[in-house]
Amino acid sequence: MFALRRQLGSRYYQTPILYRTTGQFSVKVLFTTSEAYPLIKTGGLADVSGALPTALRKLKADVRILIPGYPQVLKNVKNLAPLTVLHFIPQVGTVNLLQGEMPDSDTPVYVIKHPALYERDGGPYLDAMGQNWVDNPLRFGVLSHVAAVLSSGFSPLTWKPDVVHCNDWQSGLTPAIMKFFSTEHAKAVFSIHNLAYQGNFADIWVGLLGLPPQSFQPEGVEFYGDLSFLKAGIVYADSIITVSPNYAREIQTPAYAYGMDGLLRAQSAKLHGILNGIDDQQWNPQLDRHLIHSYDHAHLAGKLANKRALQQQLGLDMNTEGPLLAVVSRMAHQKGLDIVLDAASALLQDGAQLAILGSGDPGLEREFTKLAKDHPGRVSIVTGYNETLSHQIMAGADIFLMPSRFEPCGLNQMYGLAYGTPPVVRRTGGLADSVSDTDISTVKGASALKKGISTGFVFDLATTEDFLICVRRAMTLFQDKQAWHQLQQNGMKQELSWTHSAKQYMAIYRKLIKP
């Protein structure tokens, strides 16, 4: 694409319709992502991509989202209209660029329209059978190329970003394209939301995606013989951000780095950990439109009403005295749900109920379904994605279970805090950064609870035994209503919004672009 940069100029685009800008903004950011809520969502990346740009705009950053034109995106973007046409994109030649706004805010959205690449049945990454799209390297190579063009001096738009903020492997090639073809107009920031997903593809894609042969080396985009989108982002970005301080430390060790620990240690000078926030308009029990009853930390009776409504909806016994434990998660080994399965019989014998929402590993789905069948009225499972039910479970449950083997940040434990549903988490990644353990058996622990420090329950080893001990500590405290209400209030009073985190992102942007 850029090998013949002299061909670009006026041939590169058609006359665009442009957003008007004002002098109020301090930094311009192109936020490049493969999903963003409420346009389309498969996981936490969508929540971040939906909420962080809004928080940054409140700090006077001119943030614009760039996203592929999946059918859901084309349907949900507000005021969608043609913007321009981009040429010389490897393998596809031409793509249309549309403009619109997020449906719940005035955040501008640029949408890449290419029906053959993005307008398909299935999800952003998987087909209707749950298999990776075979042309994913092309689909997200195009996303990366478009981001590089719009962040360059060759962009057809008069609006040119100071920073292109790429997210996960799907836009990881962007910094490499900018580097190799000398298109740097903007600085490149690369966020790692989950290092386990690396976007590694056969080396033939190096040439197919327009990268020069010299890029394919150990100091470049090559990773054990493959082209790695993730490694490209890490190597060539001006700044790397992970989604929690603890995860930034963990991924520099072999246990969490999936072979990239040496690379990340070498890049540590530009590596930062910023804990995610939550959208406190979407995830707020006072405002939540999904709930039967609203409530806050000073009026917890509404939470009990939500518990009754949830039990009725899920076919659980109407028992408000025993604890209702909840899981909302992808069903994957990473999430430790096999540990929940192993502990389930003991927890049910202790008087707990269990509500599960999620999908993923077919074996885990079958085992949870069997558990629910064997314990009617005590266990409920709903497979699939259900945004409304996830809110209702968070409000109606008493204790939230999140025994992840690793967790870059995690948002569900923060939702639990905000909804007065103390989480049980493993001490890893962002879980360790966001949940403070409760143990009133010691003077120090009892003092921490009273001072508002304790917010949940934390265990160390990814074993059934450690998990079970921790959940039982939570269930014991649940019977002490005064202490439990204190714990709920501690979590609900935490500052969980994006405001503090957005300020840290702004500081990094400003440092990169300062003269």
# chains A, B, ... in the order shown; residues from 1 in each chain; ligands from 1
call {"tool": "closest_atom_pairs", "arguments": {"of": "region 347-437 of chain A", "to": "region 329-343 of chain A", "cutoff": "6 Å", "atoms": "only C-alpha atoms", "output": "CSV"}}
result
residue,atom,partner,partner_atom,distance
A:Gly358,CA,A:Ser329,CA,5.0
A:Ser359,CA,A:Met331,CA,5.2
A:Gly360,CA,A:Met331,CA,4.5
A:Asp361,CA,A:Met331,CA,5.4
A:Pro403,CA,A:Gly336,CA,5.2
A:Ser404,CA,A:Lys335,CA,4.1
A:Arg405,CA,A:Gln334,CA,5.2
call {"tool": "write_last_selection", "arguments": {"atoms": "N, CA and C atoms", "output": "mmCIF file, in the first residue's frame"}}
result
data_model
loop_
_atom_site.group_PDB
_atom_site.id
_atom_site.type_symbol
_atom_site.label_atom_id
_atom_site.label_comp_id
_atom_site.auth_asym_id
_atom_site.auth_seq_id
_atom_site.Cartn_x
_atom_site.Cartn_y
_atom_site.Cartn_z
ATOM 1 N N GLY A 358 -23.491 -17.831 30.918
ATOM 2 C CA GLY A 358 -22.287 -17.799 30.095
ATOM 3 C C GLY A 358 -22.314 -18.869 29.032
ATOM 4 N N SER A 359 -21.286 -18.873 28.217
ATOM 5 C CA SER A 359 -21.159 -19.880 27.175
ATOM 6 C C SER A 359 -19.694 -20.002 26.813
ATOM 7 N N GLY A 360 -19.373 -21.066 26.102
ATOM 8 C CA GLY A 360 -17.992 -21.277 25.700
ATOM 9 C C GLY A 360 -17.689 -22.741 25.549
ATOM 10 N N ASP A 361 -16.829 -23.262 26.407
ATOM 11 C CA ASP A 361 -16.404 -24.656 26.340
ATOM 12 C C ASP A 361 -17.621 -25.587 26.410
ATOM 13 N N PRO A 403 -13.085 -17.091 40.020
ATOM 14 C CA PRO A 403 -11.833 -17.757 40.396
ATOM 15 C C PRO A 403 -10.846 -17.901 39.241
ATOM 16 N N SER A 404 -10.595 -16.837 38.498
ATOM 17 C CA SER A 404 -9.801 -16.908 37.271
ATOM 18 C C SER A 404 -8.375 -17.372 37.527
ATOM 19 N N ARG A 405 -7.865 -18.180 36.620
ATOM 20 C CA ARG A 405 -6.451 -18.569 36.686
ATOM 21 C C ARG A 405 -5.561 -17.376 36.323
#
call {"tool": "residues_around", "arguments": {"residues": "region 486-500 of chain A", "least_positions_apart": "2", "cutoff": "6 Å", "atoms": "only C-alpha atoms", "output": "PyMOL selection string"}}
result
chain A and resi 277-278+280+297+417-418+420+452+455+483-484+502-503
call {"tool": "write_last_selection", "arguments": {"atoms": "C-alpha atoms", "output": "short mmCIF file (atom, residue, chain, number, x, y, z; two decimals), in the first residue's frame"}}
result
data_model
loop_
_atom_site.label_atom_id
_atom_site.label_comp_id
_atom_site.auth_asym_id
_atom_site.auth_seq_id
_atom_site.Cartn_x
_atom_site.Cartn_y
_atom_site.Cartn_z
CA GLY A 277 -12.94 1.44 35.12
CA ILE A 278 -16.61 0.74 34.59
CA ASP A 280 -21.10 4.10 35.92
CA HIS A 297 -25.60 1.72 49.36
CA LEU A 417 -18.64 -4.18 44.00
CA ALA A 418 -20.91 -1.52 42.49
CA GLY A 420 -23.33 -4.70 46.59
CA GLY A 452 -14.04 0.72 54.44
CA THR A 455 -14.44 -5.11 49.76
CA ALA A 483 -20.90 -6.99 58.96
CA TRP A 484 -22.27 -7.99 55.57
CA ALA A 502 -8.86 8.29 31.83
CA LYS A 503 -6.65 10.93 33.45
#
call {"tool": "residues_around", "arguments": {"residues": "Gly377 (chain A)", "least_positions_apart": "2", "cutoff": "10 Å", "atoms": "only C-alpha atoms", "output": "PyMOL selection string"}}
result
chain A and resi 311-312+314-319+353-354+372-375+379-380
call {"tool": "closest_residue", "arguments": {"among": "A:Leu364, A:Leu59, A:Trp283, A:Leu461", "to": "Asp47 (chain A)", "atoms": "only C-alpha atoms"}}
result
A:Trp283
call {"tool": "residues_around", "arguments": {"residues": "Pro71 (chain A)", "least_positions_apart": "3", "cutoff": "10 Å", "atoms": "only C-alpha atoms", "output": "ChimeraX atom specification"}}
result
/A:39-40,68,74-76,113,115,118-124
call {"tool": "closest_residue", "arguments": {"among": "A:Thr476, A:Thr84, A:Ser244, A:Gln198", "to": "Ser155 (chain A)", "atoms": "only C-alpha atoms"}}
result
A:Thr84
call {"tool": "closest_residue", "arguments": {"among": "A:Tyr385, A:Val146, A:Asp62, A:Pro408", "to": "Ala196 (chain A)", "atoms": "only C-alpha atoms"}}
result
A:Pro408
call {"tool": "select_by_dssp", "arguments": {"residues": "region 271-466 of chain A", "states": "strand (DSSP E or B)", "output": "count of residues only"}}
result
40
call {"tool": "select_by_dssp", "arguments": {"residues": "region 133-350 of chain A", "states": "alpha helix (DSSP H)", "output": "JSON, numbers by chain"}}
result
{"A": [136, 137, 138, 139, 140, 141, 142, 143, 144, 145, 146, 147, 148, 149, 150, 173, 174, 175, 176, 177, 178, 179, 180, 204, 205, 206, 207, 208, 229, 230, 231, 232, 233, 234, 235, 236, 245, 246, 247, 248, 249, 250, 254, 255, 256, 257, 261, 262, 263, 264, 265, 266, 301, 302, 303, 304, 305, 306, 307, 308, 309, 310, 311, 312, 313, 314, 337, 338, 339, 340, 341, 342, 343, 344, 345, 346, 347, 348, 349]}
call {"tool": "residues_around", "arguments": {"residues": "Lys231 (chain A)", "least_positions_apart": "5", "cutoff": "9 Å", "atoms": "only C-alpha atoms", "output": "number ranges by chain"}}
result
A: 169, 172-173, 198-200, 220-223, 236, 260, 263
call {"tool": "write_last_selection", "arguments": {"atoms": "N, CA and C atoms", "output": "mmCIF file, in the first residue's frame"}}
result
data_model
loop_
_atom_site.group_PDB
_atom_site.id
_atom_site.type_symbol
_atom_site.label_atom_id
_atom_site.label_comp_id
_atom_site.auth_asym_id
_atom_site.auth_seq_id
_atom_site.Cartn_x
_atom_site.Cartn_y
_atom_site.Cartn_z
ATOM 1 N N TRP A 169 -4.700 -7.665 19.513
ATOM 2 C CA TRP A 169 -4.001 -8.058 18.294
ATOM 3 C C TRP A 169 -4.706 -7.577 17.027
ATOM 4 N N GLY A 172 -3.044 -4.658 15.936
ATOM 5 C CA GLY A 172 -1.632 -4.635 16.308
ATOM 6 C C GLY A 172 -0.678 -4.311 15.182
ATOM 7 N N LEU A 173 -1.084 -4.549 13.935
ATOM 8 C CA LEU A 173 -0.189 -4.235 12.817
ATOM 9 C C LEU A 173 -0.053 -2.742 12.567
ATOM 10 N N GLN A 198 -3.084 -13.705 20.541
ATOM 11 C CA GLN A 198 -1.918 -13.044 19.965
ATOM 12 C C GLN A 198 -2.040 -12.746 18.477
ATOM 13 N N GLY A 199 -3.010 -13.323 17.809
ATOM 14 C CA GLY A 199 -3.137 -13.075 16.377
ATOM 15 C C GLY A 199 -1.921 -13.564 15.615
ATOM 16 N N ASN A 200 -1.572 -14.844 15.791
ATOM 17 C CA ASN A 200 -0.420 -15.435 15.117
ATOM 18 C C ASN A 200 -0.894 -16.194 13.871
ATOM 19 N N GLY A 220 11.287 -8.045 14.883
ATOM 20 C CA GLY A 220 10.133 -7.437 14.241
ATOM 21 C C GLY A 220 8.854 -8.192 14.539
ATOM 22 N N VAL A 221 8.133 -8.580 13.479
ATOM 23 C CA VAL A 221 6.801 -9.162 13.643
ATOM 24 C C VAL A 221 6.826 -10.687 13.702
ATOM 25 N N GLU A 222 8.005 -11.291 13.550
ATOM 26 C CA GLU A 222 8.100 -12.754 13.557
ATOM 27 C C GLU A 222 8.041 -13.302 14.980
ATOM 28 N N PHE A 223 7.252 -14.371 15.164
ATOM 29 C CA PHE A 223 7.120 -15.004 16.474
ATOM 30 C C PHE A 223 7.021 -16.514 16.270
ATOM 31 N N TYR A 236 6.482 -2.058 17.993
ATOM 32 C CA TYR A 236 6.538 -0.798 17.251
ATOM 33 C C TYR A 236 5.713 0.334 17.853
ATOM 34 N N MET A 260 6.150 -14.446 25.578
ATOM 35 C CA MET A 260 6.548 -13.070 25.276
ATOM 36 C C MET A 260 7.154 -12.343 26.472
ATOM 37 N N LEU A 263 10.406 -10.432 25.587
ATOM 38 C CA LEU A 263 10.074 -9.262 24.774
ATOM 39 C C LEU A 263 9.518 -8.141 25.638
#
call {"tool": "closest_residue", "arguments": {"among": "A:Glu35, A:Asp106, A:Asp439, A:Asp433", "to": "Pro245 (chain A)", "atoms": "only C-alpha atoms"}}
result
A:Asp433
call {"tool": "atom_distance", "arguments": {"atom1": "CA of Ser152 (chain A)", "atom2": "CA of Val48 (chain A)"}}
result
25.0 Å
call {"tool": "closest_residue", "arguments": {"among": "A:Ser434, A:Thr421, A:Ser390, A:Gln99", "to": "Lys78 (chain A)", "atoms": "only C-alpha atoms"}}
result
A:Gln99
call {"tool": "residues_around", "arguments": {"residues": "Leu304 (chain A)", "least_positions_apart": "6", "cutoff": "9 Å", "atoms": "only C-alpha atoms", "output": "list in words"}}
result
Thr320, Ala395, Gly396 and Ala397 of chain A
call {"tool": "residues_around", "arguments": {"residues": "Ala36 (chain A)", "least_positions_apart": "3", "cutoff": "10 Å", "atoms": "only C-alpha atoms", "output": "number ranges by chain"}}
result
A: 32-33, 39-51, 65-67, 73, 102
call {"tool": "closest_residue", "arguments": {"among": "A:Leu126, A:Ala188, A:Val92, A:Met506", "to": "Ile274 (chain A)", "atoms": "only C-alpha atoms"}}
result
A:Met506
call {"tool": "decode", "arguments": {"residues": "region 262-296 of chain A", "atoms": "N, CA and C atoms", "output": "PDB file, in the first residue's frame"}}
result
ATOM      1  N   GLY A 262      10.245 -12.287  27.699  1.00  0.00           N
ATOM      2  CA  GLY A 262      11.509 -11.627  27.373  1.00  0.00           C
ATOM      3  C   GLY A 262      11.288 -10.358  26.569  1.00  0.00           C
ATOM      4  N   LEU A 263      10.406 -10.432  25.587  1.00  0.00           N
ATOM      5  CA  LEU A 263      10.074  -9.262  24.774  1.00  0.00           C
ATOM      6  C   LEU A 263       9.518  -8.141  25.638  1.00  0.00           C
ATOM      7  N   LEU A 264       8.602  -8.485  26.544  1.00  0.00           N
ATOM      8  CA  LEU A 264       7.973  -7.457  27.367  1.00  0.00           C
ATOM      9  C   LEU A 264       8.943  -6.872  28.395  1.00  0.00           C
ATOM     10  N   ARG A 265       9.848  -7.686  28.896  1.00  0.00           N
ATOM     11  CA  ARG A 265      10.876  -7.125  29.792  1.00  0.00           C
ATOM     12  C   ARG A 265      11.764  -6.152  29.020  1.00  0.00           C
ATOM     13  N   ALA A 266      12.066  -6.496  27.765  1.00  0.00           N
ATOM     14  CA  ALA A 266      12.896  -5.612  26.947  1.00  0.00           C
ATOM     15  C   ALA A 266      12.176  -4.305  26.632  1.00  0.00           C
ATOM     16  N   GLN A 267      10.838  -4.343  26.609  1.00  0.00           N
ATOM     17  CA  GLN A 267      10.038  -3.161  26.298  1.00  0.00           C
ATOM     18  C   GLN A 267       9.477  -2.501  27.562  1.00  0.00           C
ATOM     19  N   SER A 268       9.979  -2.881  28.730  1.00  0.00           N
ATOM     20  CA  SER A 268       9.368  -2.457  29.989  1.00  0.00           C
ATOM     21  C   SER A 268       9.385  -0.936  30.195  1.00  0.00           C
ATOM     22  N   ALA A 269      10.330  -0.250  29.568  1.00  0.00           N
ATOM     23  CA  ALA A 269      10.413   1.200  29.757  1.00  0.00           C
ATOM     24  C   ALA A 269       9.181   1.918  29.210  1.00  0.00           C
ATOM     25  N   LYS A 270       8.520   1.309  28.244  1.00  0.00           N
ATOM     26  CA  LYS A 270       7.322   1.948  27.675  1.00  0.00           C
ATOM     27  C   LYS A 270       6.035   1.210  28.052  1.00  0.00           C
ATOM     28  N   LEU A 271       6.128   0.313  29.048  1.00  0.00           N
ATOM     29  CA  LEU A 271       4.985  -0.493  29.477  1.00  0.00           C
ATOM     30  C   LEU A 271       4.336   0.108  30.724  1.00  0.00           C
ATOM     31  N   HIS A 272       3.028   0.319  30.669  1.00  0.00           N
ATOM     32  CA  HIS A 272       2.287   0.917  31.777  1.00  0.00           C
ATOM     33  C   HIS A 272       1.079   0.042  32.113  1.00  0.00           C
ATOM     34  N   GLY A 273       0.708   0.008  33.381  1.00  0.00           N
ATOM     35  CA  GLY A 273      -0.497  -0.687  33.810  1.00  0.00           C
ATOM     36  C   GLY A 273      -1.513   0.309  34.346  1.00  0.00           C
ATOM     37  N   ILE A 274      -2.666   0.387  33.711  1.00  0.00           N
ATOM     38  CA  ILE A 274      -3.738   1.286  34.142  1.00  0.00           C
ATOM     39  C   ILE A 274      -4.994   0.446  34.360  1.00  0.00           C
ATOM     40  N   LEU A 275      -5.504   0.445  35.573  1.00  0.00           N
ATOM     41  CA  LEU A 275      -6.679  -0.359  35.883  1.00  0.00           C
ATOM     42  C   LEU A 275      -7.898   0.173  35.141  1.00  0.00           C
ATOM     43  N   ASN A 276      -8.641  -0.754  34.521  1.00  0.00           N
ATOM     44  CA  ASN A 276      -9.880  -0.370  33.858  1.00  0.00           C
ATOM     45  C   ASN A 276     -10.870   0.223  34.853  1.00  0.00           C
ATOM     46  N   GLY A 277     -11.800   0.991  34.343  1.00  0.00           N
ATOM     47  CA  GLY A 277     -12.935   1.442  35.122  1.00  0.00           C
ATOM     48  C   GLY A 277     -14.201   0.782  34.601  1.00  0.00           C
ATOM     49  N   ILE A 278     -15.336   1.219  35.110  1.00  0.00           N
ATOM     50  CA  ILE A 278     -16.612   0.737  34.591  1.00  0.00           C
ATOM     51  C   ILE A 278     -17.452   1.937  34.164  1.00  0.00           C
ATOM     52  N   ASP A 279     -18.389   1.686  33.280  1.00  0.00           N
ATOM     53  CA  ASP A 279     -19.321   2.717  32.858  1.00  0.00           C
ATOM     54  C   ASP A 279     -20.362   2.880  33.964  1.00  0.00           C
ATOM     55  N   ASP A 280     -20.232   3.940  34.751  1.00  0.00           N
ATOM     56  CA  ASP A 280     -21.101   4.097  35.917  1.00  0.00           C
ATOM     57  C   ASP A 280     -22.468   4.670  35.566  1.00  0.00           C
ATOM     58  N   GLN A 281     -22.750   4.805  34.275  1.00  0.00           N
ATOM     59  CA  GLN A 281     -24.111   5.098  33.850  1.00  0.00           C
ATOM     60  C   GLN A 281     -24.830   3.797  33.470  1.00  0.00           C
ATOM     61  N   GLN A 282     -24.092   2.904  32.799  1.00  0.00           N
ATOM     62  CA  GLN A 282     -24.668   1.613  32.422  1.00  0.00           C
ATOM     63  C   GLN A 282     -24.723   0.640  33.603  1.00  0.00           C
ATOM     64  N   TRP A 283     -23.700   0.710  34.471  1.00  0.00           N
ATOM     65  CA  TRP A 283     -23.593  -0.222  35.598  1.00  0.00           C
ATOM     66  C   TRP A 283     -23.723   0.558  36.901  1.00  0.00           C
ATOM     67  N   ASN A 284     -24.955   0.864  37.242  1.00  0.00           N
ATOM     68  CA  ASN A 284     -25.269   1.650  38.430  1.00  0.00           C
ATOM     69  C   ASN A 284     -26.640   1.205  38.927  1.00  0.00           C
ATOM     70  N   PRO A 285     -26.723   0.573  40.107  1.00  0.00           N
ATOM     71  CA  PRO A 285     -28.023   0.045  40.557  1.00  0.00           C
ATOM     72  C   PRO A 285     -29.072   1.123  40.805  1.00  0.00           C
ATOM     73  N   GLN A 286     -28.662   2.372  40.909  1.00  0.00           N
ATOM     74  CA  GLN A 286     -29.630   3.455  41.027  1.00  0.00           C
ATOM     75  C   GLN A 286     -30.282   3.798  39.696  1.00  0.00           C
ATOM     76  N   LEU A 287     -29.550   3.559  38.594  1.00  0.00           N
ATOM     77  CA  LEU A 287     -30.005   3.995  37.275  1.00  0.00           C
ATOM     78  C   LEU A 287     -30.345   2.842  36.337  1.00  0.00           C
ATOM     79  N   ASP A 288     -30.045   1.622  36.737  1.00  0.00           N
ATOM     80  CA  ASP A 288     -30.074   0.470  35.838  1.00  0.00           C
ATOM     81  C   ASP A 288     -31.497   0.167  35.353  1.00  0.00           C
ATOM     82  N   ARG A 289     -31.719   0.339  34.071  1.00  0.00           N
ATOM     83  CA  ARG A 289     -33.048   0.124  33.489  1.00  0.00           C
ATOM     84  C   ARG A 289     -33.410  -1.352  33.401  1.00  0.00           C
ATOM     85  N   HIS A 290     -32.432  -2.245  33.607  1.00  0.00           N
ATOM     86  CA  HIS A 290     -32.689  -3.676  33.523  1.00  0.00           C
ATOM     87  C   HIS A 290     -33.288  -4.244  34.809  1.00  0.00           C
ATOM     88  N   LEU A 291     -33.245  -3.482  35.890  1.00  0.00           N
ATOM     89  CA  LEU A 291     -33.625  -4.007  37.200  1.00  0.00           C
ATOM     90  C   LEU A 291     -35.092  -3.776  37.518  1.00  0.00           C
ATOM     91  N   ILE A 292     -35.626  -4.687  38.311  1.00  0.00           N
ATOM     92  CA  ILE A 292     -36.995  -4.555  38.802  1.00  0.00           C
ATOM     93  C   ILE A 292     -37.073  -3.429  39.831  1.00  0.00           C
ATOM     94  N   HIS A 293     -36.028  -3.321  40.670  1.00  0.00           N
ATOM     95  CA  HIS A 293     -35.998  -2.324  41.739  1.00  0.00           C
ATOM     96  C   HIS A 293     -34.627  -1.660  41.759  1.00  0.00           C
ATOM     97  N   SER A 294     -34.597  -0.348  41.840  1.00  0.00           N
ATOM     98  CA  SER A 294     -33.337   0.378  41.981  1.00  0.00           C
ATOM     99  C   SER A 294     -32.957   0.438  43.456  1.00  0.00           C
ATOM    100  N   TYR A 295     -31.674   0.658  43.713  1.00  0.00           N
ATOM    101  CA  TYR A 295     -31.192   0.760  45.089  1.00  0.00           C
ATOM    102  C   TYR A 295     -29.821   1.404  45.098  1.00  0.00           C
ATOM    103  N   ASP A 296     -29.352   1.779  46.289  1.00  0.00           N
ATOM    104  CA  ASP A 296     -27.999   2.284  46.449  1.00  0.00           C
ATOM    105  C   ASP A 296     -27.455   1.792  47.789  1.00  0.00           C
TER     106      ASP A 296
END
